[in-house]
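The data block below is input_8.cif; it holds mmCIF, C-alpha atoms.
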```
data_run
loop_
_atom_site.label_atom_id
_atom_site.label_comp_id
_atom_site.auth_asym_id
_atom_site.auth_seq_id
_atom_site.Cartn_x
_atom_site.Cartn_y
_atom_site.Cartn_z
CA MET B 1 0.00 0.00 0.00
CA ASP B 2 1.54 3.35 -1.00
CA PHE B 3 2.04 6.34 1.29
CA GLY B 4 -0.97 8.20 -0.13
CA TRP B 5 -3.32 5.46 1.02
CA TRP B 6 -1.87 5.60 4.53
CA ILE B 7 -2.52 9.36 4.68
CA LEU B 8 -6.16 8.66 3.79
CA LEU B 9 -6.62 5.64 6.05
CA LEU B 10 -4.74 6.76 9.15
CA PRO B 11 -7.38 9.28 10.37
CA LEU B 12 -10.10 6.69 9.80
CA LEU B 13 -8.13 4.03 11.64
CA VAL B 14 -7.47 6.39 14.55
CA GLY B 15 -11.16 7.32 14.62
CA LEU B 16 -12.20 3.65 14.70
CA ILE B 17 -9.78 2.89 17.53
CA LEU B 18 -11.01 5.87 19.55
CA TYR B 19 -14.63 4.87 18.87
CA LEU B 20 -14.08 1.33 20.17
CA LEU B 21 -11.89 2.56 23.01
CA PHE B 22 -14.61 4.92 24.23
CA PHE B 23 -17.09 2.07 24.69
CA PHE B 24 -14.43 -0.18 26.20
CA VAL B 25 -13.31 2.37 28.77
CA LEU B 26 -16.86 3.37 29.65
CA GLY B 27 -17.99 -0.25 29.94
CA SER B 28 -14.94 -1.23 31.97
CA GLY B 29 -15.71 1.58 34.40
CA VAL B 30 -19.23 0.26 34.87
CA LEU B 31 -17.89 -3.28 35.33
CA TRP B 32 -15.46 -2.07 37.96
CA ALA B 33 -18.25 -0.26 39.78
CA GLY B 34 -20.25 -3.47 39.72
CA PHE B 35 -17.30 -5.47 41.03
CA LYS B 36 -16.86 -3.09 43.97
CA SER B 37 -20.57 -2.88 44.77
CA ARG B 38 -21.21 -6.55 43.95
CA LYS B 39 -24.32 -5.59 41.98
CA PHE B 40 -24.98 -7.91 39.04
CA ILE B 41 -26.89 -5.25 37.09
CA TYR B 42 -23.66 -3.23 36.68
CA THR B 43 -21.99 -6.27 35.16
CA VAL B 44 -24.78 -6.63 32.63
CA ILE B 45 -24.69 -2.93 31.77
CA GLY B 46 -20.90 -2.90 31.52
CA ILE B 47 -20.82 -5.84 29.12
CA GLY B 48 -23.61 -4.21 27.12
CA VAL B 49 -21.63 -0.98 26.80
CA ILE B 50 -18.42 -2.77 25.75
CA THR B 51 -20.22 -4.79 23.09
CA ALA B 52 -22.42 -1.85 21.96
CA PRO B 53 -20.48 -1.16 18.70
CA PHE B 54 -21.00 -4.76 17.59
CA THR B 55 -24.63 -4.80 18.78
CA ILE B 56 -25.33 -1.62 16.82
CA GLU B 57 -23.88 -3.26 13.68
CA LYS B 58 -26.10 -6.31 14.20
CA ILE B 59 -29.21 -4.16 14.62
CA GLN B 60 -28.40 -2.15 11.49
CA LYS B 61 -27.92 -5.34 9.48
CA PHE B 62 -31.15 -6.80 10.85
CA ARG B 63 -33.13 -3.69 9.88
CA ALA B 64 -31.53 -3.64 6.43
CA GLY B 65 -32.52 -7.28 6.02
CA GLN B 66 -36.11 -6.53 7.05
CA LYS B 67 -36.31 -3.71 4.50
CA ALA B 68 -34.89 -5.99 1.80
CA ASP B 69 -37.38 -8.74 2.73
CA ALA B 70 -40.26 -6.32 2.17
CA ILE B 71 -38.88 -5.14 -1.19
CA TYR B 72 -38.22 -8.62 -2.51
CA ALA B 73 -41.62 -9.84 -1.34
CA GLN B 74 -43.15 -7.06 -3.46
CA LEU B 75 -40.98 -8.04 -6.45
CA ALA B 76 -42.01 -11.67 -6.11
CA ALA B 77 -45.69 -10.65 -5.99
CA LEU B 78 -45.55 -8.54 -9.18
CA GLU B 79 -48.12 -9.59 -11.75
CA ARG B 80 -46.42 -11.32 -14.66
CA THR B 81 -47.84 -11.84 -18.14
CA SER B 82 -47.75 -15.19 -19.88
CA LEU B 83 -46.52 -15.14 -23.49
CA LYS B 84 -48.61 -18.13 -24.44
CA GLY B 85 -50.22 -16.99 -27.68
CA ARG B 86 -48.65 -13.53 -27.30
CA LEU B 87 -45.04 -13.96 -28.34
CA PRO B 88 -44.13 -11.15 -30.78
CA GLY B 89 -41.85 -11.63 -33.73
CA LYS B 90 -39.15 -9.11 -32.79
CA PHE B 91 -37.12 -8.18 -29.73
CA VAL B 92 -34.80 -5.42 -28.58
CA ALA B 93 -31.98 -6.07 -26.12
CA VAL B 94 -31.17 -3.23 -23.72
CA GLY B 95 -27.89 -3.71 -21.89
CA SER B 96 -25.27 -6.45 -22.16
CA PHE B 97 -26.37 -9.12 -24.61
CA SER B 98 -24.16 -11.66 -26.36
CA ASP B 99 -24.38 -12.78 -29.97
CA SER B 100 -24.93 -16.33 -28.75
CA ASN B 101 -28.10 -15.20 -26.97
CA VAL B 102 -29.25 -13.41 -30.13
CA ASN B 103 -28.84 -16.67 -32.05
CA PHE B 104 -30.53 -18.61 -29.25
CA LEU B 105 -33.62 -16.40 -29.40
CA ARG B 106 -33.76 -16.75 -33.17
CA ASP B 107 -33.35 -20.53 -33.21
CA GLN B 108 -35.42 -21.37 -30.12
CA TYR B 109 -38.25 -18.84 -30.32
CA GLY B 110 -38.13 -17.38 -33.82
CA LEU B 111 -37.41 -13.90 -32.45
CA ARG B 112 -35.60 -11.49 -34.76
CA ARG B 113 -33.95 -8.13 -34.31
CA PHE B 114 -35.02 -4.96 -36.07
CA PRO B 115 -32.72 -3.50 -38.73
CA LYS B 116 -29.71 -1.92 -37.04
CA ALA B 117 -30.82 1.72 -37.25
CA GLU B 118 -34.31 0.97 -35.91
CA ASN B 119 -32.92 -1.34 -33.22
CA ASN B 120 -30.57 1.40 -32.01
CA ARG B 121 -33.37 3.96 -32.00
CA LEU B 122 -35.66 1.75 -29.96
CA GLU B 123 -32.91 0.81 -27.53
CA ALA B 124 -31.98 4.47 -26.97
CA ALA B 125 -35.63 5.50 -26.58
CA TYR B 126 -36.22 2.75 -24.02
CA ARG B 127 -33.13 3.73 -22.02
CA ASP B 128 -34.14 7.40 -22.03
CA TYR B 129 -37.67 6.64 -20.88
CA ARG B 130 -36.59 4.43 -17.97
CA ARG B 131 -33.85 6.84 -16.92
CA THR B 132 -36.34 9.73 -16.76
CA GLU B 133 -38.90 7.54 -15.01
CA PHE B 134 -36.28 6.64 -12.40
CA CYS B 135 -35.49 10.33 -11.90
CA TYR B 136 -39.10 11.14 -11.06
CA LYS B 137 -39.47 8.09 -8.80
CA HIS B 138 -36.25 8.35 -6.82
CA ASP B 139 -34.34 11.60 -7.46
CA TYR B 140 -36.91 14.38 -7.87
CA ASP B 141 -37.73 15.13 -4.21
CA ARG B 142 -34.11 14.77 -3.08
CA ILE B 143 -32.72 17.09 -5.78
CA LYS B 144 -35.54 19.60 -5.27
CA ALA B 145 -34.87 19.76 -1.51
CA TYR B 146 -31.14 20.19 -2.14
CA ARG B 147 -31.68 23.05 -4.57
CA GLU B 148 -34.16 24.82 -2.31
CA LYS B 149 -31.61 24.71 0.49
CA TYR B 150 -28.32 25.38 -1.30
CA ASP B 151 -29.04 26.73 -4.79
CA PRO B 152 -32.52 28.32 -4.95
CA ARG B 153 -31.59 30.36 -8.06
CA ASN B 154 -31.09 27.22 -10.15
CA LYS B 155 -34.10 27.11 -12.49
CA LEU B 156 -33.02 24.13 -14.63
CA SER B 157 -35.42 21.20 -14.85
CA ILE B 158 -34.74 18.54 -12.26
CA CYS B 159 -35.65 15.69 -14.59
CA ASP B 160 -36.15 15.52 -18.35
CA ASP B 161 -39.72 15.67 -19.63
CA LEU B 162 -41.35 12.27 -19.26
CA PRO B 163 -43.49 11.22 -22.23
CA GLU B 164 -47.08 10.38 -21.35
CA SER B 165 -46.37 6.69 -22.03
CA ILE B 166 -43.60 4.41 -23.16
CA GLN B 167 -45.48 3.98 -26.44
CA ALA B 168 -45.16 7.73 -27.04
CA SER B 169 -41.44 7.41 -26.46
CA LEU B 170 -40.88 4.33 -28.63
CA LYS B 171 -43.17 5.33 -31.52
CA THR B 172 -43.61 1.78 -32.76
CA LYS B 173 -46.91 0.19 -33.79
CA GLU B 174 -46.00 -3.49 -33.63
CA PRO B 175 -45.56 -5.42 -30.33
CA VAL B 176 -41.95 -5.69 -29.18
CA LEU B 177 -40.29 -7.89 -26.58
CA PHE B 178 -37.73 -5.92 -24.58
CA ILE B 179 -35.01 -7.90 -22.84
CA ILE B 180 -33.27 -5.63 -20.34
CA GLU B 181 -30.17 -6.01 -18.24
CA GLY B 182 -28.79 -3.61 -15.65
CA ARG B 183 -29.61 0.06 -15.22
CA SER B 184 -32.62 0.23 -17.54
CA THR B 185 -34.66 -2.29 -15.53
CA SER B 186 -37.90 -0.91 -14.11
CA PHE B 187 -37.68 -1.83 -10.43
CA ARG B 188 -34.18 -0.95 -9.28
CA GLN B 189 -34.19 1.06 -6.06
CA THR B 190 -30.94 3.03 -6.21
CA ARG B 191 -28.28 4.22 -8.64
CA PHE B 192 -25.75 1.93 -6.93
CA MET B 193 -25.93 -1.60 -8.28
CA VAL B 194 -23.81 -4.44 -6.97
CA GLY B 195 -25.68 -7.40 -8.44
CA LYS B 196 -27.35 -8.57 -11.63
CA LYS B 197 -30.76 -7.36 -12.75
CA TYR B 198 -32.75 -8.88 -15.64
CA GLU B 199 -36.18 -8.00 -16.99
CA ILE B 200 -38.40 -8.92 -19.92
CA ARG B 201 -41.32 -6.72 -20.95
CA LEU B 202 -43.88 -6.93 -23.72
CA VAL B 203 -44.73 -3.50 -25.12
CA THR B 204 -47.70 -3.25 -27.46
CA SER B 205 -49.53 -0.24 -28.90
CA ARG B 206 -51.53 0.01 -25.65
CA GLU B 207 -49.78 -2.09 -23.01
CA ASP B 208 -46.48 -2.21 -21.13
CA LEU B 209 -46.50 -5.65 -19.53
CA LEU B 210 -44.01 -7.36 -17.24
CA VAL B 211 -43.13 -10.86 -18.40
CA ASP B 212 -40.52 -11.61 -15.74
CA TYR B 213 -38.03 -9.88 -13.47
CA TYR B 214 -34.98 -10.98 -11.50
CA GLU B 215 -32.44 -9.18 -9.38
CA ASP B 216 -29.77 -10.34 -6.99
CA ARG B 217 -30.71 -9.63 -3.40
CA GLU B 218 -29.09 -6.41 -2.20
CA ILE B 219 -29.30 -4.68 1.18
CA ASP B 220 -28.54 -1.15 2.34
CA ASP B 221 -25.00 -0.77 3.62
CA PRO B 222 -24.46 2.94 4.34
CA PRO B 223 -20.98 4.27 5.14
CA ARG B 224 -20.22 4.28 8.87
CA ILE B 225 -17.17 4.39 11.07
CA THR B 226 -16.53 0.65 10.72
CA SER B 227 -16.94 0.69 6.92
CA PRO B 228 -16.37 4.28 5.71
CA PHE B 229 -15.89 3.36 2.04
CA SER B 230 -19.16 1.49 1.58
CA SER B 231 -21.02 2.33 -1.62
CA GLY B 232 -24.34 2.16 0.23
CA ARG B 233 -25.38 -1.27 -1.12
CA LYS B 234 -24.02 -4.78 -0.87
CA LEU B 235 -24.98 -8.27 -2.01
CA ASP B 236 -26.81 -10.47 0.48
CA LYS B 237 -27.29 -13.81 -1.27
CA ASP B 238 -26.19 -17.39 -0.94
CA GLY B 239 -27.04 -19.07 -4.23
CA PRO B 240 -25.59 -18.50 -7.70
CA THR B 241 -26.92 -15.84 -10.04
CA PRO B 242 -28.73 -17.24 -13.10
CA THR B 243 -27.24 -16.42 -16.45
CA MET B 244 -29.19 -14.30 -18.91
CA ARG B 245 -29.83 -17.47 -20.94
CA GLU B 246 -31.27 -19.27 -17.91
CA PHE B 247 -33.44 -16.27 -17.08
CA ILE B 248 -34.79 -16.09 -20.64
CA GLN B 249 -35.58 -19.82 -20.68
CA GLY B 250 -37.54 -19.53 -17.44
CA ALA B 251 -39.38 -16.39 -18.53
CA LEU B 252 -40.33 -17.69 -21.98
CA LYS B 253 -41.39 -21.14 -20.85
CA GLY B 254 -44.63 -21.92 -22.66
CA ALA B 255 -44.35 -18.89 -24.94
CA SER B 256 -46.04 -19.24 -28.33
CA ARG B 257 -47.66 -17.24 -31.11
#
```

Target format structure tokens, applied to this file:
Amino acid sequence: MDFGWWILLLPLLVGLILYLLFFFVLGSGVLWAGFKSRKFIYTVIGIGVITAPFTIEKIQKFRAGQKADAIYAQLAALERTSLKGRLPGKFVAVGSFSDSNVNFLRDQYGLRRFPKAENNRLEAAYRDYRRTEFCYKHDYDRIKAYREKYDPRNKLSICDDLPESIQASLKTKEPVLFIIEGRSTSFRQTRFMVGKKYEIRLVTSREDLLVDYYEDREIDDPPRITSPFSSGRKLDKDGPTPTMREFIQGALKGASR
């Protein structure tokens, strides 16, 4: 580790030591008072004070897990649309998508891509719509409050104008299957992503329907004295993440025209 890193880490390390030392000294004082007075309650309190930093961490993790449980229960309960008798002829991939998966969709389900120019237009339009939608859902109130407090003269729009519907944004008349990976998925909670997210949607001239959705389980992990460099999110999962191919196969099971 170079000298620059030590300059950055040393104050944090000193702060952590002082933080733990404070609870240790305070708890030890209570334990000593209990030893002299022979009162068991002081022993319990002293041990509680000494272990408080670790107890606080446990409570924070427990609450983060509870919040994640509620979110993932909602995701599991989302209404999904069967593609039996509704499989369109064309698809657009938004995000990372391999040529092997393009060939798989063609050979297995008869799905084709649009001509390159139209494919790129639809992909860009879909990204723009979801990015603006995310801004209104998650960023609008926070940015507005920040500006009102620190920069009230800033009159720029907080979010781009959101079209009245995704159909108005895409401007396509035929039904399209959108296969999305990553930031353009509809249900992500924050800008910080540490796991995989997959989604398939059927967009027709009147409908925007969820076919299936998957995301790795993430929990809040805000920066604190014991982990000052946390991004705010971390993975909390045991099993392997499905590949995009496995997700597609599960989502399109029983699909037909």

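Those residues that approach Tyr136 (chain B) to within 10 Å, counting only C-alpha atoms, are Arg130, Ile158, Cys159, Asp160, Asp161 and Leu162 of chain B; same-chain residues fewer than 6 positions away are not listed.
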
*So which residues are close to (-41.4, -6.1, -20.6), meaning at most 12 Å away in the file's coordinates with all atoms listed in the file counted, and can you show them as JSON, numbers by chain?*
{"B": [79, 80, 81, 82, 83, 87, 88, 91, 92, 93, 94, 126, 130, 166, 175, 176, 177, 178, 179, 180, 181, 184, 185, 186, 187, 198, 199, 200, 201, 202, 203, 204, 207, 208, 209, 210, 211, 212, 213, 248, 251, 252]}

*Identify, on the basis of only C-alpha atoms, every residue whose closest approach to Lys171 (chain B) does not exceed 10 Å; exclude the query and any residue fewer than 6 positions from it along the same chain; express the result as a VMD selection string.*
chain B and resid 121 to 122 125 205

*Quick one, how far is CA of Leu170 (chain B) from CA of Cys135 (chain B)?*
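Distance between the two atoms: 18.6 Å.
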
_Could you list, as a list in words, every residue within 12 Å of Leu21 (chain B), counting only C-alpha atoms and ignoring same-chain residues fewer than 3 positions away?_
Val14, Gly15, Leu16, Ile17, Leu18, Phe24, Val25, Leu26, Gly27, Ser28, Val49, Ile50, Thr51, Ala52 and Pro53 of chain B

What would the file look like if the residues just selected were written as a PDB file, in the frame of the given file with C-alpha atoms?
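Final file, result-v2.pdb:
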```pdb
ATOM      1  CA  VAL B  14      -7.470   6.390  14.550  1.00  0.00           C
ATOM      2  CA  GLY B  15     -11.160   7.320  14.620  1.00  0.00           C
ATOM      3  CA  LEU B  16     -12.200   3.650  14.700  1.00  0.00           C
ATOM      4  CA  ILE B  17      -9.780   2.890  17.530  1.00  0.00           C
ATOM      5  CA  LEU B  18     -11.010   5.870  19.550  1.00  0.00           C
ATOM      6  CA  PHE B  24     -14.430  -0.180  26.200  1.00  0.00           C
ATOM      7  CA  VAL B  25     -13.310   2.370  28.770  1.00  0.00           C
ATOM      8  CA  LEU B  26     -16.860   3.370  29.650  1.00  0.00           C
ATOM      9  CA  GLY B  27     -17.990  -0.250  29.940  1.00  0.00           C
ATOM     10  CA  SER B  28     -14.940  -1.230  31.970  1.00  0.00           C
ATOM     11  CA  VAL B  49     -21.630  -0.980  26.800  1.00  0.00           C
ATOM     12  CA  ILE B  50     -18.420  -2.770  25.750  1.00  0.00           C
ATOM     13  CA  THR B  51     -20.220  -4.790  23.090  1.00  0.00           C
ATOM     14  CA  ALA B  52     -22.420  -1.850  21.960  1.00  0.00           C
ATOM     15  CA  PRO B  53     -20.480  -1.160  18.700  1.00  0.00           C
TER      16      PRO B  53
END
```

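Note that CA of Glu57 (chain B) and CA of Ala33 (chain B) are 26.9 Å apart.
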
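When CA of Ile45 (chain B) is paired with CA of Arg63 (chain B), their separation reads 23.5 Å.
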
_the PyMOL selection byres ((chain B and resi 231) around 12) resolved against shown file, as JSON, numbers by chain_ = {"B": [190, 191, 192, 193, 194, 218, 219, 220, 221, 222, 223, 224, 227, 228, 229, 230, 232, 233, 234, 235]}

Output C-alpha atoms for every residue in the selection just made, as an mmCIF file, in the coordinates of the input.
```
data_model
loop_
_atom_site.group_PDB
_atom_site.id
_atom_site.type_symbol
_atom_site.label_atom_id
_atom_site.label_comp_id
_atom_site.auth_asym_id
_atom_site.auth_seq_id
_atom_site.Cartn_x
_atom_site.Cartn_y
_atom_site.Cartn_z
ATOM 1 C CA THR B 190 -30.940 3.030 -6.210
ATOM 2 C CA ARG B 191 -28.280 4.220 -8.640
ATOM 3 C CA PHE B 192 -25.750 1.930 -6.930
ATOM 4 C CA MET B 193 -25.930 -1.600 -8.280
ATOM 5 C CA VAL B 194 -23.810 -4.440 -6.970
ATOM 6 C CA GLU B 218 -29.090 -6.410 -2.200
ATOM 7 C CA ILE B 219 -29.300 -4.680 1.180
ATOM 8 C CA ASP B 220 -28.540 -1.150 2.340
ATOM 9 C CA ASP B 221 -25.000 -0.770 3.620
ATOM 10 C CA PRO B 222 -24.460 2.940 4.340
ATOM 11 C CA PRO B 223 -20.980 4.270 5.140
ATOM 12 C CA ARG B 224 -20.220 4.280 8.870
ATOM 13 C CA SER B 227 -16.940 0.690 6.920
ATOM 14 C CA PRO B 228 -16.370 4.280 5.710
ATOM 15 C CA PHE B 229 -15.890 3.360 2.040
ATOM 16 C CA SER B 230 -19.160 1.490 1.580
ATOM 17 C CA GLY B 232 -24.340 2.160 0.230
ATOM 18 C CA ARG B 233 -25.380 -1.270 -1.120
ATOM 19 C CA LYS B 234 -24.020 -4.780 -0.870
ATOM 20 C CA LEU B 235 -24.980 -8.270 -2.010
#
```

*Which residues match the PyMOL selection byres ((chain B and resi 102) around 10) in the file above, as an MDAnalysis selection string?*
chainID B and resid 91:93 97:101 103:107 111:113

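Each of B:Ser37, B:Gln108, B:Thr55, B:Ser96 was checked against Gln249 (chain B) using all atoms listed in the file; the smallest atom-to-atom distance is that of B:Gln108.
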
*asked:* With distances taken over only C-alpha atoms, which residue among B:Asp128, B:Thr172, B:Arg142, B:Leu20 lies nearest Phe114 (chain B)?
replied: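 The closest residue to Phe114 (chain B) is B:Thr172.
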
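Distance check against Gln167 (chain B) using all atoms listed in the file: of B:Gln74, B:Asp151, B:Glu123, B:Tyr129, the minimum falls on B:Tyr129.
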
*Name the closest residue to Ala168 (chain B) among the candidates B:Gly65, B:Tyr19, B:Arg206, B:Ala76; distances are taken between atoms, counting only C-alpha atoms.*
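For Ala168 (chain B), the nearest of the candidates is B:Arg206.
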
*Using all atoms listed in the file, which residue out of B:Lys137, B:Thr132, B:Val44, B:Thr243 lies closest to Trp32 (chain B)?*
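Closest candidate: B:Val44.
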
Starting from the incomplete input, reconstruct N, CA, C and O atoms of region 181-203 of chain B and report them as a CSV table (one decimal), keeping the file's coordinate frame.
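Below is the file that was written, result.csv:
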```csv
chain,number,residue,atom,x,y,z
B,181,GLU,N,-31.2,-5.6,-19.3
B,181,GLU,CA,-30.2,-6.0,-18.2
B,181,GLU,C,-29.6,-4.8,-17.6
B,181,GLU,O,-29.2,-3.8,-18.4
B,182,GLY,N,-29.5,-4.7,-16.3
B,182,GLY,CA,-28.8,-3.6,-15.6
B,182,GLY,C,-29.6,-2.4,-15.4
B,182,GLY,O,-30.8,-2.4,-14.9
B,183,ARG,N,-29.1,-1.2,-15.7
B,183,ARG,CA,-29.6,0.1,-15.2
B,183,ARG,C,-31.0,0.4,-15.8
B,183,ARG,O,-31.7,1.2,-15.2
B,184,SER,N,-31.3,-0.1,-16.9
B,184,SER,CA,-32.6,0.2,-17.5
B,184,SER,C,-33.8,-0.6,-17.1
B,184,SER,O,-34.9,-0.5,-17.6
B,185,THR,N,-33.6,-1.5,-16.1
B,185,THR,CA,-34.7,-2.3,-15.5
B,185,THR,C,-35.6,-1.4,-14.8
B,185,THR,O,-35.2,-0.3,-14.3
B,186,SER,N,-36.8,-1.8,-14.6
B,186,SER,CA,-37.9,-0.9,-14.1
B,186,SER,C,-38.0,-0.8,-12.6
B,186,SER,O,-38.5,0.2,-12.1
B,187,PHE,N,-37.4,-1.8,-11.9
B,187,PHE,CA,-37.7,-1.8,-10.4
B,187,PHE,C,-36.5,-1.6,-9.5
B,187,PHE,O,-36.5,-1.8,-8.3
B,188,ARG,N,-35.3,-1.2,-10.1
B,188,ARG,CA,-34.2,-1.0,-9.3
B,188,ARG,C,-34.5,0.2,-8.3
B,188,ARG,O,-35.2,1.2,-8.7
B,189,GLN,N,-33.9,0.1,-7.1
B,189,GLN,CA,-34.2,1.1,-6.1
B,189,GLN,C,-33.2,2.2,-6.0
B,189,GLN,O,-33.6,3.3,-5.5
B,190,THR,N,-32.0,2.0,-6.4
B,190,THR,CA,-30.9,3.0,-6.2
B,190,THR,C,-30.1,3.1,-7.5
B,190,THR,O,-30.1,2.2,-8.3
B,191,ARG,N,-29.2,4.1,-7.5
B,191,ARG,CA,-28.3,4.2,-8.6
B,191,ARG,C,-27.1,3.3,-8.5
B,191,ARG,O,-26.4,3.0,-9.4
B,192,PHE,N,-26.9,2.8,-7.2
B,192,PHE,CA,-25.8,1.9,-6.9
B,192,PHE,C,-26.2,0.5,-7.1
B,192,PHE,O,-27.1,0.0,-6.4
B,193,MET,N,-25.6,-0.2,-8.0
B,193,MET,CA,-25.9,-1.6,-8.3
B,193,MET,C,-24.7,-2.5,-8.0
B,193,MET,O,-23.6,-2.2,-8.6
B,194,VAL,N,-24.9,-3.5,-7.3
B,194,VAL,CA,-23.8,-4.4,-7.0
B,194,VAL,C,-24.1,-5.8,-7.5
B,194,VAL,O,-23.2,-6.7,-7.4
B,195,GLY,N,-25.3,-6.1,-8.0
B,195,GLY,CA,-25.7,-7.4,-8.4
B,195,GLY,C,-26.3,-7.3,-9.8
B,195,GLY,O,-26.5,-6.2,-10.4
B,196,LYS,N,-26.7,-8.5,-10.3
B,196,LYS,CA,-27.4,-8.6,-11.6
B,196,LYS,C,-28.8,-8.2,-11.5
B,196,LYS,O,-29.5,-8.5,-10.6
B,197,LYS,N,-29.3,-7.6,-12.6
B,197,LYS,CA,-30.8,-7.4,-12.8
B,197,LYS,C,-31.2,-7.7,-14.2
B,197,LYS,O,-30.6,-7.2,-15.1
B,198,TYR,N,-32.2,-8.5,-14.3
B,198,TYR,CA,-32.8,-8.9,-15.6
B,198,TYR,C,-34.3,-8.6,-15.7
B,198,TYR,O,-34.9,-8.7,-14.7
B,199,GLU,N,-34.7,-8.3,-16.8
B,199,GLU,CA,-36.2,-8.0,-17.0
B,199,GLU,C,-36.6,-8.3,-18.4
B,199,GLU,O,-35.8,-8.0,-19.4
B,200,ILE,N,-37.8,-8.8,-18.6
B,200,ILE,CA,-38.4,-8.9,-19.9
B,200,ILE,C,-39.8,-8.3,-19.9
B,200,ILE,O,-40.6,-8.5,-19.0
B,201,ARG,N,-40.0,-7.4,-20.9
B,201,ARG,CA,-41.3,-6.7,-21.0
B,201,ARG,C,-41.9,-6.8,-22.4
B,201,ARG,O,-41.1,-6.8,-23.3
B,202,LEU,N,-43.2,-6.9,-22.4
B,202,LEU,CA,-43.9,-6.9,-23.7
B,202,LEU,C,-44.6,-5.6,-23.9
B,202,LEU,O,-45.4,-5.2,-23.1
B,203,VAL,N,-44.1,-4.8,-24.9
B,203,VAL,CA,-44.7,-3.5,-25.1
B,203,VAL,C,-45.5,-3.6,-26.4
B,203,VAL,O,-45.0,-3.9,-27.5
```
